[in-house]
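Single-structure report; data block below.
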Amino acid sequence: MKKLCLICSGSVKEINSYSHKCKKCGFYFSTLSSGYGQDVKGLEHIRKQNFKKILNIIMNLKKNPKILEIGSGDGYFIEECINFDISIFGSEASLDSLKSLKKKFKNKVEIFNLSLPESIIKKTKTRFDFIVFNDVFEHLTNLHKVINTSQLALKKDGIIIINSPTSDGIIFNFSLFLMNLGFTKFYDRLWQKNMNSPHLSYFNKKNLNLLFSKHNFYEFISGNLNSLDINNSSRFNNLFDSVFKRIVFSIFCFLFFFFQKFLPKDIMFVFFKHK
Ligand SMILES: [Zn+2]
């Protein structure tokens with residue numbers, strides 16, 4: 001059967017054995033099998049910086065916000081919410097992660113065992129001002145259902161926040177370029193191929209907006225986040241076997257850190273509000 005784009009029903013072209021691109025809206029998606037669990041380590045500092053940026057926007061929008069995070073992973077977002085004195089509820093699909101989160105936060109934070117697109121409101125029995133997907137949305141199947149179940153768990157004027165890598169970014173496009181030259185390693189890594197929870201989607205701001213507009217959401221605020229820290233050594237330890245390659249790559253990332261200001265950004269965030 002011919003595949004069609006789940007966002008705009010446009011026809012798609014094959015990029016490689018597991019990834020496709022919509023010819024109409026540019027949405028990239030993979031046929032890798034979905035899963036959950038933590039794969040990428042060593043991102044604590046950069047992720048926390050990014051979360052601070054998002055939380056500052058939230059604090060400007062709403063006093064005493066009630067937030068639900070979908071897929072809390074290592075709990076960095078929860079930690080930042082606690083620092084901001086914000087009422088946060090976590091959730092996890094992976095029972096292992098759920099267990100360690102519960103151990104980490106004891107009785108301070110309520111964490112639900114939630115595997116979307118199951119009904120959020122049934123599990124939480126309450127509605128939220130914000131539902132946040134931090135590097136999670138691109139790992140999920142059944143996106144239309146995911147948006148529906150999120151909407152039902154939002155208060156009136158509630159907001160969905162998506163924070164995800166973008167196919168407009170320099171890293172994605174450079175990896176695509178290398179893949180077309182025959183170097184597939186980076187492209188595979190971007191999709192987190194052969195990892196617990198591969199990427200199923202790669203959006204840009206335009207097709208993400210199109211997807212949410214089908215559910216009567218509109219972009220309310222958006223921006224970009226940093227993708228690389230000044231020190232990335234721990235992040236790439238598992239990518240290269242040789243110390244030499246790791247050092248070369250770390251130097252490359254160090255330089256990239258300074259240049260990323262001038263390049264198309266790799267991580268986007270969008271606040272979606274219902275019409
Ligand atoms: Zn499309």
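Just so we're on the same page: first chain in the structure tokens is A, next is B, and so on; residues restart at 1 for each chain, and ligands are numbered from 1 in the order they show up.
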For ligand 1, return the neighbouring residues as a compact mmCIF listing (two decimals) with all heavy atoms, in the first residue's frame (distance at most 12 Å; only C-alpha atoms and all ligand atoms).
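So the final result, stored in out25.txt, reads:
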```txt
# COMPACT_ATOMS: atom_id res chain seq x y z
N LYS A 3 2.20 4.74 1.00
CA LYS A 3 2.14 5.51 2.23
C LYS A 3 1.73 6.95 1.93
O LYS A 3 2.16 7.52 0.93
CB LYS A 3 3.53 5.54 2.89
CG LYS A 3 3.81 4.33 3.72
CD LYS A 3 5.03 4.59 4.60
CE LYS A 3 5.32 3.41 5.49
NZ LYS A 3 5.58 2.18 4.74
N LEU A 4 0.94 7.53 2.84
CA LEU A 4 0.58 8.93 2.72
C LEU A 4 1.00 9.66 3.99
O LEU A 4 1.12 9.07 5.05
CB LEU A 4 -0.92 9.09 2.52
CG LEU A 4 -1.51 8.58 1.19
CD1 LEU A 4 -3.01 8.74 1.18
CD2 LEU A 4 -0.90 9.32 0.00
N CYS A 5 1.21 10.96 3.86
CA CYS A 5 1.62 11.77 5.00
C CYS A 5 0.49 11.84 6.03
O CYS A 5 -0.65 12.12 5.68
CB CYS A 5 1.97 13.17 4.51
SG CYS A 5 2.27 14.34 5.83
N LEU A 6 0.82 11.59 7.30
CA LEU A 6 -0.23 11.60 8.33
C LEU A 6 -0.69 13.02 8.65
O LEU A 6 -1.75 13.22 9.23
CB LEU A 6 0.25 10.86 9.59
CG LEU A 6 1.21 11.54 10.55
CD1 LEU A 6 0.46 12.28 11.64
CD2 LEU A 6 2.10 10.50 11.19
N ILE A 7 0.10 14.00 8.24
CA ILE A 7 -0.29 15.38 8.53
C ILE A 7 -1.16 15.94 7.41
O ILE A 7 -2.24 16.45 7.66
CB ILE A 7 0.95 16.27 8.73
CG1 ILE A 7 1.78 15.78 9.92
CG2 ILE A 7 0.54 17.73 8.92
CD1 ILE A 7 3.05 16.56 10.16
N CYS A 8 -0.68 15.83 6.15
CA CYS A 8 -1.39 16.52 5.07
C CYS A 8 -1.90 15.58 4.00
O CYS A 8 -2.46 16.03 2.99
CB CYS A 8 -0.47 17.58 4.45
SG CYS A 8 0.80 16.87 3.39
N SER A 9 -1.73 14.26 4.20
CA SER A 9 -2.15 13.24 3.22
C SER A 9 -1.44 13.36 1.88
O SER A 9 -1.88 12.78 0.89
CB SER A 9 -3.67 13.27 2.99
OG SER A 9 -4.34 13.16 4.20
N GLY A 10 -0.37 14.11 1.84
CA GLY A 10 0.43 14.23 0.62
C GLY A 10 1.17 12.93 0.33
O GLY A 10 1.31 12.07 1.21
N SER A 11 1.67 12.76 -0.90
CA SER A 11 2.43 11.56 -1.20
C SER A 11 3.85 11.70 -0.65
O SER A 11 4.36 12.81 -0.48
CB SER A 11 2.45 11.30 -2.70
OG SER A 11 2.99 12.39 -3.37
N VAL A 12 4.46 10.55 -0.36
CA VAL A 12 5.77 10.59 0.29
C VAL A 12 6.83 9.93 -0.57
O VAL A 12 6.53 9.10 -1.42
CB VAL A 12 5.72 9.89 1.68
CG1 VAL A 12 4.69 10.53 2.57
CG2 VAL A 12 5.45 8.40 1.54
N LYS A 13 8.07 10.34 -0.35
CA LYS A 13 9.17 9.68 -1.05
C LYS A 13 10.09 9.00 -0.03
O LYS A 13 10.20 9.44 1.12
CB LYS A 13 9.93 10.67 -1.92
CG LYS A 13 10.68 11.74 -1.17
CD LYS A 13 11.55 12.54 -2.12
CE LYS A 13 12.32 13.62 -1.38
NZ LYS A 13 13.09 14.48 -2.25
N HIS A 20 11.13 8.36 5.46
CA HIS A 20 10.38 8.91 4.33
C HIS A 20 10.16 10.40 4.55
O HIS A 20 10.22 10.88 5.66
CB HIS A 20 9.01 8.23 4.22
CG HIS A 20 9.08 6.74 4.15
ND1 HIS A 20 9.06 6.04 2.98
CD2 HIS A 20 9.23 5.82 5.13
CE1 HIS A 20 9.18 4.75 3.23
NE2 HIS A 20 9.28 4.58 4.54
N LYS A 21 9.87 11.07 3.43
CA LYS A 21 9.57 12.51 3.53
C LYS A 21 8.33 12.83 2.71
O LYS A 21 8.19 12.34 1.58
CB LYS A 21 10.76 13.31 2.99
CG LYS A 21 10.56 14.81 3.07
CD LYS A 21 11.64 15.55 2.30
CE LYS A 21 11.47 17.05 2.48
NZ LYS A 21 12.46 17.82 1.71
N CYS A 22 7.44 13.63 3.30
CA CYS A 22 6.26 14.06 2.56
C CYS A 22 6.68 15.09 1.53
O CYS A 22 7.36 16.05 1.84
CB CYS A 22 5.22 14.66 3.52
SG CYS A 22 3.86 15.44 2.65
N LYS A 23 6.24 14.86 0.28
CA LYS A 23 6.63 15.77 -0.79
C LYS A 23 5.94 17.13 -0.64
O LYS A 23 6.41 18.13 -1.15
CB LYS A 23 6.23 15.17 -2.14
CG LYS A 23 7.06 13.97 -2.56
CD LYS A 23 6.58 13.50 -3.93
CE LYS A 23 7.09 12.11 -4.25
NZ LYS A 23 6.38 11.54 -5.39
N LYS A 24 4.82 17.12 0.06
CA LYS A 24 4.02 18.35 0.15
C LYS A 24 4.43 19.23 1.34
O LYS A 24 4.74 20.40 1.17
CB LYS A 24 2.54 17.96 0.25
CG LYS A 24 1.59 18.99 -0.29
CD LYS A 24 0.20 18.36 -0.40
CE LYS A 24 -0.88 19.39 -0.20
NZ LYS A 24 -2.18 18.74 0.03
N CYS A 25 4.43 18.64 2.55
CA CYS A 25 4.68 19.48 3.74
C CYS A 25 6.07 19.27 4.33
O CYS A 25 6.45 19.92 5.30
CB CYS A 25 3.60 19.25 4.80
SG CYS A 25 3.77 17.69 5.70
N GLY A 26 6.85 18.34 3.76
CA GLY A 26 8.23 18.17 4.22
C GLY A 26 8.38 17.39 5.51
O GLY A 26 9.46 17.35 6.09
N PHE A 27 7.30 16.76 5.96
CA PHE A 27 7.35 15.97 7.20
C PHE A 27 8.16 14.69 6.98
O PHE A 27 7.92 13.94 6.04
CB PHE A 27 5.90 15.62 7.62
CG PHE A 27 5.78 14.65 8.75
CD1 PHE A 27 6.41 14.87 9.97
CD2 PHE A 27 5.00 13.49 8.63
CE1 PHE A 27 6.29 13.99 11.02
CE2 PHE A 27 4.87 12.59 9.67
CZ PHE A 27 5.51 12.84 10.88
N TYR A 28 9.15 14.48 7.84
CA TYR A 28 9.96 13.26 7.79
C TYR A 28 9.42 12.28 8.83
O TYR A 28 9.12 12.68 9.96
CB TYR A 28 11.42 13.55 8.15
CG TYR A 28 12.22 14.25 7.09
CD1 TYR A 28 12.19 15.64 6.99
CD2 TYR A 28 13.02 13.54 6.21
CE1 TYR A 28 12.94 16.30 6.02
CE2 TYR A 28 13.77 14.18 5.24
CZ TYR A 28 13.73 15.56 5.15
OH TYR A 28 14.47 16.20 4.20
N PHE A 29 9.32 11.02 8.45
CA PHE A 29 8.91 10.02 9.45
C PHE A 29 9.64 8.71 9.18
O PHE A 29 10.13 8.48 8.07
CB PHE A 29 7.38 9.83 9.45
CG PHE A 29 6.81 9.36 8.14
CD1 PHE A 29 6.57 8.01 7.91
CD2 PHE A 29 6.52 10.27 7.14
CE1 PHE A 29 6.03 7.57 6.70
CE2 PHE A 29 5.99 9.84 5.92
CZ PHE A 29 5.75 8.50 5.70
N SER A 201 9.18 10.57 14.15
CA SER A 201 8.86 11.78 13.37
C SER A 201 9.98 12.79 13.47
O SER A 201 10.68 12.85 14.48
CB SER A 201 7.62 12.47 13.92
OG SER A 201 6.53 11.60 14.03
N TYR A 202 10.15 13.55 12.40
CA TYR A 202 11.02 14.74 12.45
C TYR A 202 10.22 15.88 11.85
O TYR A 202 9.96 15.91 10.66
CB TYR A 202 12.31 14.51 11.65
CG TYR A 202 13.53 14.56 12.53
CD1 TYR A 202 14.13 13.40 13.00
CD2 TYR A 202 14.08 15.79 12.91
CE1 TYR A 202 15.24 13.43 13.82
CE2 TYR A 202 15.19 15.83 13.74
CZ TYR A 202 15.76 14.65 14.19
OH TYR A 202 16.85 14.69 15.00
N PHE A 203 9.79 16.81 12.71
CA PHE A 203 8.95 17.92 12.26
C PHE A 203 9.79 19.14 11.97
O PHE A 203 10.92 19.26 12.43
CB PHE A 203 7.97 18.32 13.36
CG PHE A 203 7.07 17.21 13.83
CD1 PHE A 203 7.40 16.47 14.96
CD2 PHE A 203 5.90 16.92 13.18
CE1 PHE A 203 6.58 15.44 15.40
CE2 PHE A 203 5.06 15.91 13.61
CZ PHE A 203 5.41 15.17 14.72
N ASN A 204 9.19 20.08 11.25
CA ASN A 204 9.66 21.45 11.34
C ASN A 204 8.49 22.28 11.87
O ASN A 204 7.39 21.74 12.08
CB ASN A 204 10.21 21.96 10.00
CG ASN A 204 9.17 21.97 8.90
OD1 ASN A 204 7.97 22.00 9.17
ND2 ASN A 204 9.62 21.94 7.66
N LYS A 206 6.62 24.41 10.58
CA LYS A 206 5.48 24.57 9.69
C LYS A 206 4.57 23.33 9.69
O LYS A 206 3.36 23.44 9.86
CB LYS A 206 6.02 24.81 8.26
CG LYS A 206 5.14 25.70 7.45
CD LYS A 206 5.84 26.09 6.16
CE LYS A 206 4.81 26.29 5.07
NZ LYS A 206 5.42 26.29 3.74
N ASN A 207 5.15 22.13 9.54
CA ASN A 207 4.27 20.96 9.51
C ASN A 207 3.76 20.56 10.90
O ASN A 207 2.69 19.97 11.02
CB ASN A 207 4.87 19.78 8.72
CG ASN A 207 6.27 19.41 9.13
OD1 ASN A 207 6.57 19.39 10.31
ND2 ASN A 207 7.13 19.09 8.16
N LEU A 208 4.50 20.94 11.95
CA LEU A 208 3.98 20.72 13.31
C LEU A 208 2.74 21.59 13.54
O LEU A 208 1.75 21.16 14.11
CB LEU A 208 5.07 21.04 14.34
CG LEU A 208 4.74 20.68 15.80
CD1 LEU A 208 4.58 19.17 15.99
CD2 LEU A 208 5.82 21.19 16.75
N ASN A 209 2.83 22.83 13.05
CA ASN A 209 1.67 23.73 13.11
C ASN A 209 0.48 23.18 12.34
O ASN A 209 -0.66 23.27 12.79
CB ASN A 209 2.04 25.09 12.52
CG ASN A 209 2.39 26.08 13.62
OD1 ASN A 209 1.51 26.54 14.33
ND2 ASN A 209 3.67 26.38 13.77
N LEU A 210 0.77 22.63 11.18
CA LEU A 210 -0.28 22.06 10.34
C LEU A 210 -0.97 20.90 11.07
O LEU A 210 -2.20 20.79 11.08
CB LEU A 210 0.33 21.59 9.01
CG LEU A 210 -0.63 21.18 7.91
CD1 LEU A 210 -1.54 22.33 7.52
CD2 LEU A 210 0.16 20.72 6.68
N LEU A 211 -0.16 20.04 11.70
CA LEU A 211 -0.71 18.91 12.45
C LEU A 211 -1.65 19.41 13.56
O LEU A 211 -2.77 18.91 13.71
CB LEU A 211 0.44 18.08 13.05
CG LEU A 211 0.05 16.96 14.02
CD1 LEU A 211 -0.78 15.89 13.32
CD2 LEU A 211 1.30 16.33 14.64
```
Open item on the list: Run DSSP on the backbone and tell me which residues of region 85-239 of chain A come out as strand (DSSP E or B); list them as a PyMOL selection string.
Closed with: chain A and resi 87-92+110-113+128-134+154-166+201-203+217-225
Written selection (C-alpha atoms) as a PDB file, in the first residue's frame:
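Wrote selection.pdb, looks like this:
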```pdb
ATOM      1  CA  SER A  87       3.141  22.448  40.731  1.00  0.00           C
ATOM      2  CA  ILE A  88       4.386  19.626  38.499  1.00  0.00           C
ATOM      3  CA  PHE A  89       3.022  16.160  37.763  1.00  0.00           C
ATOM      4  CA  GLY A  90       5.259  13.675  35.985  1.00  0.00           C
ATOM      5  CA  SER A  91       4.487  10.621  33.904  1.00  0.00           C
ATOM      6  CA  GLU A  92       6.312   7.677  32.395  1.00  0.00           C
ATOM      7  CA  GLU A 110       2.998  12.652  41.798  1.00  0.00           C
ATOM      8  CA  ILE A 111       4.148  10.560  38.834  1.00  0.00           C
ATOM      9  CA  PHE A 112       1.657   8.631  36.711  1.00  0.00           C
ATOM     10  CA  ASN A 113       2.255   5.479  34.726  1.00  0.00           C
ATOM     11  CA  PHE A 128      -3.838  20.924  33.653  1.00  0.00           C
ATOM     12  CA  ASP A 129      -2.858  24.403  32.520  1.00  0.00           C
ATOM     13  CA  PHE A 130       0.085  23.000  30.569  1.00  0.00           C
ATOM     14  CA  ILE A 131       0.899  19.594  29.121  1.00  0.00           C
ATOM     15  CA  VAL A 132       4.548  19.423  28.152  1.00  0.00           C
ATOM     16  CA  PHE A 133       6.309  17.030  25.780  1.00  0.00           C
ATOM     17  CA  ASN A 134      10.052  17.399  26.281  1.00  0.00           C
ATOM     18  CA  LEU A 154      -6.345  20.521  29.504  1.00  0.00           C
ATOM     19  CA  LYS A 155      -8.173  23.203  31.418  1.00  0.00           C
ATOM     20  CA  LYS A 156      -9.948  25.900  29.456  1.00  0.00           C
ATOM     21  CA  ASP A 157      -7.219  27.995  27.781  1.00  0.00           C
ATOM     22  CA  GLY A 158      -4.766  25.204  28.547  1.00  0.00           C
ATOM     23  CA  ILE A 159      -1.604  24.937  26.479  1.00  0.00           C
ATOM     24  CA  ILE A 160       0.321  22.047  24.920  1.00  0.00           C
ATOM     25  CA  ILE A 161       4.073  22.585  24.733  1.00  0.00           C
ATOM     26  CA  ILE A 162       6.149  20.627  22.235  1.00  0.00           C
ATOM     27  CA  ASN A 163       9.909  20.734  22.508  1.00  0.00           C
ATOM     28  CA  SER A 164      11.538  18.661  19.799  1.00  0.00           C
ATOM     29  CA  PRO A 165      14.393  18.495  17.276  1.00  0.00           C
ATOM     30  CA  THR A 166      13.574  20.065  13.914  1.00  0.00           C
ATOM     31  CA  SER A 201       8.864  11.776  13.369  1.00  0.00           C
ATOM     32  CA  TYR A 202      11.018  14.742  12.447  1.00  0.00           C
ATOM     33  CA  PHE A 203       8.945  17.915  12.259  1.00  0.00           C
ATOM     34  CA  PHE A 217      -4.765  24.440  17.986  1.00  0.00           C
ATOM     35  CA  TYR A 218      -2.689  27.410  16.912  1.00  0.00           C
ATOM     36  CA  GLU A 219       0.868  28.463  17.625  1.00  0.00           C
ATOM     37  CA  PHE A 220       0.842  30.908  20.465  1.00  0.00           C
ATOM     38  CA  ILE A 221       4.531  31.268  21.241  1.00  0.00           C
ATOM     39  CA  SER A 222       7.533  29.553  19.693  1.00  0.00           C
ATOM     40  CA  GLY A 223      11.288  29.695  19.691  1.00  0.00           C
ATOM     41  CA  ASN A 224      14.480  27.708  19.571  1.00  0.00           C
ATOM     42  CA  LEU A 225      16.667  25.991  22.107  1.00  0.00           C
TER      43      LEU A 225
END
```
Task: Nearest to Asn16 (chain A), chosen from A:Leu152, A:Val136, A:Leu176, A:Ile121, with only C-alpha atoms counted in the distances - done: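 Selected residue with least distance to Asn16 (chain A): A:Leu176.
Closest approach to Lys145 (chain A) among A:Ser94, A:Ser119, A:Ser242, A:Asn226: A:Ser119, based on only C-alpha atoms.
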- [ ] Report as number ranges by chain: the residues of region 165-219 of chain A with a DSSP assignment of alpha helix (DSSP H), based on the backbone of this structure.
- [x] A: 170-180, 185-190, 205-213
Open item on the list: I need the residue nearest Leu263 (chain A) from this list: A:Ile86, A:Ile57, A:Ile78, A:Ile170. Use only C-alpha atoms for the distance.
Closed with: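 Distance minimum relative to Leu263 (chain A) lands on A:Ile170.
Separating CA of Gln49 (chain A) from CA of Lys273 (chain A) is a distance of 24.1 Å.
Across the structure, CA of Gly71 (chain A) and CA of Leu114 (chain A) are spaced 8.1 Å apart.
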- [ ] Find the distance between CA of Tyr36 (chain A) and CA of Pro198 (chain A) and write it in Å to one decimal.
- [x] 8.3 Å
Open item on the list: Between A:Glu118, A:Cys81, A:Met195, A:Ser34, which residue has the minimum interatomic distance to Leu68 (chain A), considering only C-alpha atoms?
Closed with: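 Ranked by minimum distance to Leu68 (chain A), first place goes to A:Cys81.
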Task: Distance criterion (only C-alpha atoms): nearest to Ser30 (chain A) out of A:Thr126, A:Asn83, A:Asn50, A:Thr141 - done: A:Thr141
- [ ] For Lys48 (chain A), list every protein, DNA or RNA residue within 10 Å, evaluated using only C-alpha atoms, and leave out those in the same chain fewer than 3 positions away; present the list as a ChimeraX atom specification.
- [x] /A:43-45,51-54,76-80
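Near Phe174 (chain A), within a cut-off of 12 Å and counting only C-alpha atoms, sit the residues A:Ser167, A:Asp168, A:Gly169, A:Ile170, A:Leu178, A:Met179, A:Asn180, A:Leu181, A:Phe183, A:Thr184, A:Lys185, A:Phe186, A:Tyr187, A:Leu190, A:Leu263, A:Pro264, A:Asp266, with same-chain residues fewer than 4 positions away left out.
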Next, the residues of the selection above should be written as an mmCIF file, in the first residue's frame with N, CA and C atoms.
```
data_model
loop_
_atom_site.group_PDB
_atom_site.id
_atom_site.type_symbol
_atom_site.label_atom_id
_atom_site.label_comp_id
_atom_site.auth_asym_id
_atom_site.auth_seq_id
_atom_site.Cartn_x
_atom_site.Cartn_y
_atom_site.Cartn_z
ATOM 1 N N SER A 167 13.626 19.290 11.633
ATOM 2 C CA SER A 167 14.275 18.902 10.377
ATOM 3 C C SER A 167 14.799 20.115 9.619
ATOM 4 N N ASP A 168 14.524 21.321 10.143
ATOM 5 C CA ASP A 168 15.091 22.522 9.519
ATOM 6 C C ASP A 168 16.485 22.832 10.070
ATOM 7 N N GLY A 169 16.881 22.118 11.122
ATOM 8 C CA GLY A 169 18.140 22.423 11.802
ATOM 9 C C GLY A 169 19.364 22.007 10.997
ATOM 10 N N ILE A 170 20.484 22.576 11.381
ATOM 11 C CA ILE A 170 21.742 22.305 10.678
ATOM 12 C C ILE A 170 22.177 20.854 10.891
ATOM 13 N N LEU A 178 25.480 13.976 4.665
ATOM 14 C CA LEU A 178 26.479 12.905 4.838
ATOM 15 C C LEU A 178 25.901 11.555 4.430
ATOM 16 N N MET A 179 24.640 11.342 4.757
ATOM 17 C CA MET A 179 24.000 10.063 4.413
ATOM 18 C C MET A 179 23.962 9.895 2.895
ATOM 19 N N ASN A 180 23.665 10.977 2.192
ATOM 20 C CA ASN A 180 23.620 10.901 0.730
ATOM 21 C C ASN A 180 25.000 10.642 0.128
ATOM 22 N N LEU A 181 26.049 10.962 0.906
ATOM 23 C CA LEU A 181 27.407 10.654 0.460
ATOM 24 C C LEU A 181 27.826 9.236 0.861
ATOM 25 N N PHE A 183 27.732 8.169 4.235
ATOM 26 C CA PHE A 183 28.039 8.067 5.674
ATOM 27 C C PHE A 183 26.730 8.083 6.462
ATOM 28 N N THR A 184 26.300 6.911 6.863
ATOM 29 C CA THR A 184 24.948 6.816 7.434
ATOM 30 C C THR A 184 24.919 6.951 8.952
ATOM 31 N N LYS A 185 26.100 6.894 9.577
ATOM 32 C CA LYS A 185 26.159 6.806 11.033
ATOM 33 C C LYS A 185 25.413 7.932 11.751
ATOM 34 N N PHE A 186 25.619 9.176 11.313
ATOM 35 C CA PHE A 186 24.997 10.304 12.003
ATOM 36 C C PHE A 186 23.486 10.349 11.780
ATOM 37 N N TYR A 187 23.110 10.062 10.542
ATOM 38 C CA TYR A 187 21.680 10.057 10.230
ATOM 39 C C TYR A 187 20.958 8.988 11.064
ATOM 40 N N LEU A 190 20.669 10.185 14.610
ATOM 41 C CA LEU A 190 19.630 11.196 14.799
ATOM 42 C C LEU A 190 18.252 10.560 14.980
ATOM 43 N N LEU A 263 23.608 29.577 12.906
ATOM 44 C CA LEU A 263 23.126 28.505 12.023
ATOM 45 C C LEU A 263 21.640 28.223 12.272
ATOM 46 N N PRO A 264 20.973 27.559 11.314
ATOM 47 C CA PRO A 264 19.573 27.183 11.556
ATOM 48 C C PRO A 264 19.496 26.295 12.799
ATOM 49 N N ASP A 266 18.470 23.678 15.821
ATOM 50 C CA ASP A 266 18.159 22.250 15.775
ATOM 51 C C ASP A 266 17.026 21.826 16.692
#
```
